[in-house]
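J.: The structure is given below, and queries will be raised subsequently.
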Amino acid sequence: MSEAVTTADIQLIQKILPHRYPFLLVDKVHSINGTTSAVGIKNVTMNEPHFQGHFPGNPIMPGVTIVEAMAQTTAVMVGASLGLTDGNLLVYFMAIDGCKFRRKVVPGDVLEMHVETTRGKPGGKVWRFRGVATVDGEMAAEAEFTAMMDMQA
């Protein structure tokens with residue numbers, strides 16, 4: 001029996017997610033506890049393209065990209081736990097609820113996405129998650145979201 005995956009580096013992440021620059025928004029995932037919970041890491045850097053216009057002279061990571069980073073973390077958690085490393089996993093938002101932004105995220109920050117599954121099971125298509133994104137232990141954003149897991153043949 002193979003050992004459970006508890007971390008995903010960028011090589012494994014790219015085997016699970018179809019996203020690539022500039023829309024790959026998670027650098028590492030650790031503390032993977034099956035399909036139950038995980039923590040994603042996003043190193044926020046000035047060379048990301050959205051900072052050119054959001055906002056010139058005062059770069060702030062767009063809130064929607066923070067939510068997307070949380071969603072990508074959940075996809076890596078599920079994909080790593082279920083051995084879906086063939087690049088055939090597509091995940092689509094179905095709903096985003098209770099989304100709140102609490103703090104600016106700026107270049108130089110390390111964004112931690114703490115995610116947990118609130119509904120979903122292996123083989124199921126519709127999953128629900130809760131995510132909290134933090135910087136230095138301070139909440140930056142939170143949301144609940146529903147996603148469809150589409151495993152391509």
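Residue numbers start at 1 in each chain; chains themselves are named A, B, ... in the order of the structure tokens; ligands are numbered from 1 in the order shown.
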Need to verify the contact set: A:Pro107, 10 Å, only C-alpha atoms, exclusion of same-chain residues closer than 3 positions in sequence. Can you return it as a VMD selection string?

T.: chain A and resid 43 to 48 51 58 to 61 110

J.: Could you pull out the helix (DSSP H, G or I) residues of chain A, going by DSSP on the backbone, and write them as a VMD selection string?

T.: chain A and resid 10 to 16 49 to 52 63 to 81

J.: With N, CA, C and O atoms kept, could you save the residues just selected as a compact mmCIF listing (two decimals), in the first residue's frame?

T.:
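Writing done, so here's selection_38.txt:
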# COMPACT_ATOMS: atom_id res chain seq x y z
N ILE A 10 5.88 22.10 -6.25
CA ILE A 10 5.39 22.68 -7.51
C ILE A 10 5.34 21.64 -8.63
O ILE A 10 4.45 21.70 -9.48
N GLN A 11 6.25 20.65 -8.63
CA GLN A 11 6.21 19.62 -9.66
C GLN A 11 4.93 18.78 -9.55
O GLN A 11 4.27 18.51 -10.55
N LEU A 12 4.58 18.37 -8.34
CA LEU A 12 3.35 17.60 -8.15
C LEU A 12 2.12 18.46 -8.43
O LEU A 12 1.16 18.00 -9.06
N ILE A 13 2.15 19.71 -7.99
CA ILE A 13 1.03 20.61 -8.25
C ILE A 13 0.76 20.70 -9.75
O ILE A 13 -0.38 20.63 -10.20
N GLN A 14 1.82 20.82 -10.55
CA GLN A 14 1.64 20.93 -12.01
C GLN A 14 1.19 19.63 -12.64
O GLN A 14 0.65 19.64 -13.74
N LYS A 15 1.39 18.51 -11.96
CA LYS A 15 0.85 17.24 -12.46
C LYS A 15 -0.64 17.11 -12.17
O LYS A 15 -1.35 16.37 -12.83
N ILE A 16 -1.11 17.84 -11.15
CA ILE A 16 -2.52 17.77 -10.75
C ILE A 16 -3.35 18.86 -11.43
O ILE A 16 -4.41 18.58 -11.98
N PRO A 49 1.53 39.67 -13.07
CA PRO A 49 0.98 40.65 -14.02
C PRO A 49 -0.17 41.50 -13.49
O PRO A 49 -0.32 42.65 -13.92
N HIS A 50 -0.96 41.02 -12.55
CA HIS A 50 -2.08 41.84 -12.07
C HIS A 50 -1.63 43.08 -11.32
O HIS A 50 -2.39 44.05 -11.22
N PHE A 51 -0.39 43.08 -10.82
CA PHE A 51 0.08 44.26 -10.08
C PHE A 51 0.35 45.46 -10.98
O PHE A 51 0.43 46.58 -10.50
N GLN A 52 0.46 45.26 -12.30
CA GLN A 52 0.67 46.38 -13.21
C GLN A 52 -0.52 47.33 -13.17
O GLN A 52 -0.36 48.54 -13.32
N GLY A 63 -8.75 40.41 -4.69
CA GLY A 63 -9.45 39.46 -3.85
C GLY A 63 -9.87 38.20 -4.58
O GLY A 63 -9.80 37.10 -4.03
N VAL A 64 -10.28 38.34 -5.83
CA VAL A 64 -10.72 37.16 -6.58
C VAL A 64 -9.57 36.18 -6.79
O VAL A 64 -9.80 34.98 -6.85
N THR A 65 -8.33 36.69 -6.88
CA THR A 65 -7.21 35.77 -7.03
C THR A 65 -6.89 35.06 -5.71
O THR A 65 -6.39 33.94 -5.73
N ILE A 66 -7.20 35.69 -4.60
CA ILE A 66 -7.04 35.02 -3.30
C ILE A 66 -8.03 33.85 -3.20
O ILE A 66 -7.67 32.74 -2.80
N VAL A 67 -9.27 34.08 -3.61
CA VAL A 67 -10.27 33.01 -3.59
C VAL A 67 -9.87 31.90 -4.56
O VAL A 67 -9.97 30.71 -4.25
N GLU A 68 -9.38 32.27 -5.73
CA GLU A 68 -8.91 31.27 -6.69
C GLU A 68 -7.74 30.46 -6.12
O GLU A 68 -7.68 29.25 -6.30
N ALA A 69 -6.83 31.11 -5.40
CA ALA A 69 -5.71 30.40 -4.78
C ALA A 69 -6.22 29.38 -3.74
O ALA A 69 -5.69 28.27 -3.64
N MET A 70 -7.25 29.75 -2.99
CA MET A 70 -7.84 28.81 -2.05
C MET A 70 -8.44 27.62 -2.79
O MET A 70 -8.28 26.46 -2.39
N ALA A 71 -9.13 27.90 -3.89
CA ALA A 71 -9.74 26.83 -4.68
C ALA A 71 -8.68 25.91 -5.27
O ALA A 71 -8.84 24.68 -5.28
N GLN A 72 -7.60 26.48 -5.78
CA GLN A 72 -6.52 25.66 -6.32
C GLN A 72 -5.91 24.78 -5.23
O GLN A 72 -5.55 23.63 -5.48
N THR A 73 -5.82 25.30 -4.01
CA THR A 73 -5.31 24.51 -2.90
C THR A 73 -6.20 23.30 -2.66
O THR A 73 -5.71 22.19 -2.44
N THR A 74 -7.53 23.49 -2.71
CA THR A 74 -8.43 22.35 -2.51
C THR A 74 -8.29 21.33 -3.63
O THR A 74 -8.34 20.13 -3.38
N ALA A 75 -8.11 21.80 -4.85
CA ALA A 75 -7.94 20.88 -5.98
C ALA A 75 -6.67 20.05 -5.81
O ALA A 75 -6.66 18.85 -6.09
N VAL A 76 -5.59 20.68 -5.35
CA VAL A 76 -4.34 19.93 -5.11
C VAL A 76 -4.55 18.92 -3.98
O VAL A 76 -4.13 17.77 -4.09
N MET A 77 -5.23 19.33 -2.91
CA MET A 77 -5.51 18.43 -1.79
C MET A 77 -6.26 17.18 -2.27
O MET A 77 -5.85 16.05 -2.00
N VAL A 78 -7.33 17.41 -3.02
CA VAL A 78 -8.14 16.28 -3.51
C VAL A 78 -7.36 15.46 -4.52
O VAL A 78 -7.31 14.23 -4.45
N GLY A 79 -6.72 16.13 -5.47
CA GLY A 79 -5.96 15.42 -6.50
C GLY A 79 -4.82 14.60 -5.93
O GLY A 79 -4.62 13.44 -6.33
N ALA A 80 -4.07 15.16 -4.98
CA ALA A 80 -2.96 14.43 -4.38
C ALA A 80 -3.47 13.25 -3.57
O ALA A 80 -2.89 12.15 -3.62
N SER A 81 -4.55 13.44 -2.85
CA SER A 81 -5.09 12.38 -1.99
C SER A 81 -5.69 11.23 -2.80
O SER A 81 -5.64 10.08 -2.37

J.: Identify which of the residues A:Ile96, A:Val115, A:Ala147, A:Ala8 lies closest to A:Thr35, counting only C-alpha atoms when measuring atom-to-atom distances.

T.: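 Answer, going by the shortest atom-to-atom distance: A:Val115.
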
J.: Got a sec to tell me which of chain A DSSP assigns to strand (DSSP E or B), as a PyMOL selection string?

T.: chain A and resi 8+28-33+37-43+89-101+110-119+126-135+138-151

J.: Using only C-alpha atoms, find the one residue out of A:Val106, A:Met148, A:Leu90, A:Ile32 that sits nearest to A:Gly124.

T.: A:Met148

J.: Near A:Met94, counting only C-alpha atoms, which residues have an atom at most 12 Å away, once you skip same-chain residues fewer than 5 positions from it, shown as a list in words?

T.: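 What passes the distance filter is Ala71, Lys125, Val126, Trp127, Arg128, Phe129, Glu144, Phe145, Thr146, Ala147, Met148 and Met149 of chain A.
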
J.: Counting only C-alpha atoms, which residue out of A:Leu82, A:Leu17, A:Leu89, A:Val39 sits closest to A:Val132?

T.: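 Ranked by minimum distance to A:Val132, first place goes to A:Val39.
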
J.: Identify which of the residues A:Arg103, A:Arg119, A:His114, A:Lys42 lies closest to A:Ala141, counting only C-alpha atoms when measuring atom-to-atom distances.

T.: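 Under the stated criterion, the closest residue is A:Arg103.
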